[in-house]
Amino acid sequence: QQAAIATPEEQAAYDEAFNLLKQSRYQESVTAFRQQLLQYSNGALADDAQYWIGEAMYVTRDFPAGLTAFQNVVNRYPDSARVAEALLKLGYIQSELGATEEARQTFTQVVNRFPGSRVAISAQTRLRKLQGDGG
């Protein structure tokens, strides 16, 4: 069960990690977010920290680690507001890795689970692209 409100200590750890991310210091931010997750595994910001680890991996094109990180958001924090974005990014990575069928399934899941959302619109765009590729 995730805490509803971050403690000042958790918020400070999160802010420090997020500032590293904003400075494009991706590896350092991943280390800081992982440290936060160790200290505050059930904290209010755990889902966000996990998501940003995935984002840092995606940006640096470490796709296997990105897949794992985004999958962890979906599996560990099923009620998180980050699930839709994490699924979308999973689809992007699957697409990058040439796993077209998995990407199609993931994008379809986003569209079905989060209809009308900004994330669903992005997923629909990617689905159309996949169909356009003939694959």
# chains A, B, ... in the order shown; residues from 1 in each chain; ligands from 1

$ residues_around --residues "A:Arg34" --least-positions-apart "6" --cutoff "9 Å" --atoms "only C-alpha atoms" --output "compact mmCIF listing (two decimals) with all heavy atoms, in the first residue's frame"
# COMPACT_ATOMS: atom_id res chain seq x y z
N ALA A 49 9.02 7.94 -9.03
CA ALA A 49 10.44 7.62 -9.10
C ALA A 49 10.68 6.48 -10.08
O ALA A 49 11.58 6.54 -10.93
CB ALA A 49 10.97 7.25 -7.71
N GLN A 50 9.85 5.44 -9.99
CA GLN A 50 9.99 4.29 -10.90
C GLN A 50 9.77 4.73 -12.34
O GLN A 50 10.49 4.32 -13.25
CB GLN A 50 8.98 3.21 -10.50
CG GLN A 50 9.12 1.93 -11.28
CD GLN A 50 10.46 1.25 -11.04
OE1 GLN A 50 10.78 0.87 -9.94
NE2 GLN A 50 11.24 1.09 -12.09
N ILE A 53 12.81 6.64 -13.68
CA ILE A 53 13.92 5.72 -14.00
C ILE A 53 13.71 5.21 -15.42
O ILE A 53 14.64 5.21 -16.24
CB ILE A 53 13.98 4.54 -12.99
CG1 ILE A 53 14.46 5.05 -11.62
CG2 ILE A 53 14.90 3.43 -13.51
CD1 ILE A 53 14.33 4.02 -10.50

$ residues_around --residues "A:Leu20" --least-positions-apart "6" --cutoff "9 Å" --atoms "only C-alpha atoms" --output "ChimeraX atom specification"
/A:26-30,32

$ select_by_dssp --residues "chain A" --states "helix (DSSP H, G or I)" --output "short mmCIF file (atom, residue, chain, number, x, y, z; two decimals) with C-alpha atoms, in the first residue's frame"
data_model
loop_
_atom_site.label_atom_id
_atom_site.label_comp_id
_atom_site.auth_asym_id
_atom_site.auth_seq_id
_atom_site.Cartn_x
_atom_site.Cartn_y
_atom_site.Cartn_z
CA PRO A 8 9.43 15.94 3.70
CA GLU A 9 12.41 13.55 3.53
CA GLU A 10 10.93 11.57 0.64
CA GLN A 11 10.00 14.78 -1.18
CA ALA A 12 13.57 16.09 -0.76
CA ALA A 13 15.07 12.84 -2.11
CA TYR A 14 12.65 12.92 -5.06
CA ASP A 15 13.37 16.59 -5.82
CA GLU A 16 17.12 15.96 -5.76
CA ALA A 17 16.78 13.04 -8.21
CA PHE A 18 14.37 14.95 -10.43
CA ASN A 19 16.71 17.96 -10.59
CA LEU A 20 19.50 15.66 -11.82
CA LEU A 21 17.12 14.36 -14.48
CA LYS A 22 16.24 17.91 -15.58
CA TYR A 26 20.54 10.62 -16.41
CA GLN A 27 22.75 8.01 -14.77
CA GLU A 28 23.05 10.08 -11.60
CA SER A 29 19.29 10.63 -11.53
CA VAL A 30 18.64 6.89 -11.94
CA THR A 31 20.97 6.20 -9.02
CA ALA A 32 19.20 8.84 -6.91
CA PHE A 33 15.71 7.57 -7.82
CA ARG A 34 16.76 3.98 -7.04
CA GLN A 35 18.08 5.15 -3.66
CA GLN A 36 14.76 6.88 -3.02
CA LEU A 37 12.90 3.66 -3.89
CA LEU A 38 15.07 1.71 -1.45
CA GLN A 39 14.42 4.18 1.37
CA ALA A 46 7.54 5.67 -5.42
CA ASP A 47 5.51 5.32 -8.63
CA ASP A 48 6.87 8.62 -9.95
CA ALA A 49 10.44 7.62 -9.10
CA GLN A 50 9.99 4.29 -10.90
CA TYR A 51 8.51 6.08 -13.91
CA TRP A 52 11.39 8.56 -14.15
CA ILE A 53 13.92 5.72 -14.00
CA GLY A 54 12.19 4.32 -17.08
CA GLU A 55 12.18 7.72 -18.74
CA ALA A 56 15.92 8.18 -18.14
CA MET A 57 16.58 4.73 -19.60
CA TYR A 58 14.36 5.50 -22.60
CA VAL A 59 16.11 8.82 -23.31
CA PHE A 63 15.73 -0.08 -23.89
CA PRO A 64 15.95 -3.34 -21.89
CA ALA A 65 16.28 -1.38 -18.62
CA GLY A 66 13.53 0.99 -19.75
CA LEU A 67 11.19 -1.93 -20.42
CA THR A 68 11.81 -3.28 -16.93
CA ALA A 69 11.34 0.10 -15.27
CA PHE A 70 8.07 0.90 -17.06
CA GLN A 71 6.78 -2.65 -16.49
CA ASN A 72 7.51 -2.14 -12.77
CA VAL A 73 5.29 0.97 -12.75
CA VAL A 74 2.43 -1.04 -14.26
CA ASN A 75 2.92 -4.09 -12.01
CA ARG A 76 3.80 -2.49 -8.67
CA VAL A 83 0.35 3.65 -15.55
CA ALA A 84 -1.05 5.11 -18.79
CA GLU A 85 2.22 6.89 -19.64
CA ALA A 86 4.28 3.87 -18.60
CA LEU A 87 2.25 1.61 -20.91
CA LEU A 88 2.63 4.10 -23.76
CA LYS A 89 6.41 4.16 -23.26
CA LEU A 90 6.46 0.35 -23.10
CA GLY A 91 4.83 0.38 -26.53
CA TYR A 92 7.39 2.87 -27.83
CA ILE A 93 10.27 0.71 -26.62
CA GLN A 94 8.71 -2.49 -28.01
CA SER A 95 8.37 -0.67 -31.32
CA GLU A 96 12.02 0.49 -31.20
CA THR A 100 5.76 -4.94 -33.52
CA GLU A 101 3.07 -7.37 -32.34
CA GLU A 102 3.81 -6.65 -28.65
CA ALA A 103 3.81 -2.91 -29.38
CA ARG A 104 0.46 -3.21 -31.16
CA GLN A 105 -1.01 -5.08 -28.17
CA THR A 106 0.38 -2.52 -25.71
CA PHE A 107 -0.92 0.47 -27.69
CA THR A 108 -4.33 -1.22 -28.00
CA GLN A 109 -4.36 -1.76 -24.23
CA VAL A 110 -3.66 1.97 -23.69
CA VAL A 111 -6.50 2.95 -26.03
CA ASN A 112 -8.93 0.53 -24.34
CA ARG A 113 -7.96 1.32 -20.72
CA ARG A 118 -3.92 12.32 -24.37
CA VAL A 119 -2.01 9.05 -23.91
CA ALA A 120 -4.67 7.09 -25.82
CA ILE A 121 -4.49 9.57 -28.69
CA SER A 122 -0.70 9.07 -28.87
CA ALA A 123 -1.20 5.30 -28.80
CA GLN A 124 -3.76 5.50 -31.63
CA THR A 125 -1.28 7.53 -33.70
CA ARG A 126 1.38 4.86 -33.16
CA LEU A 127 -1.09 2.07 -34.00
CA ARG A 128 -1.88 3.78 -37.31
CA LYS A 129 1.88 4.06 -38.01
CA LEU A 130 2.35 0.35 -37.27
CA GLN A 131 -0.45 -0.51 -39.70
CA GLY A 132 1.10 1.83 -42.29
#

$ atom_distance --atom1 "atom CA of A:Pro78" --atom2 "atom CA of A:Gln2"
10.8 Å

$ atom_distance --atom1 "atom CA of A:Ser117" --atom2 "atom CA of A:Ser80"
15.1 Å

$ residues_around --residues "A:Ala3" --least-positions-apart "5" --cutoff "10 Å" --atoms "only C-alpha atoms" --output "list in words"
Tyr40, Ser41, Asn42, Gly43, Ala44, Leu45 and Ala46 of chain A

$ atom_distance --atom1 "atom CA of A:Asp79" --atom2 "atom CA of A:Ala4"
12.0 Å
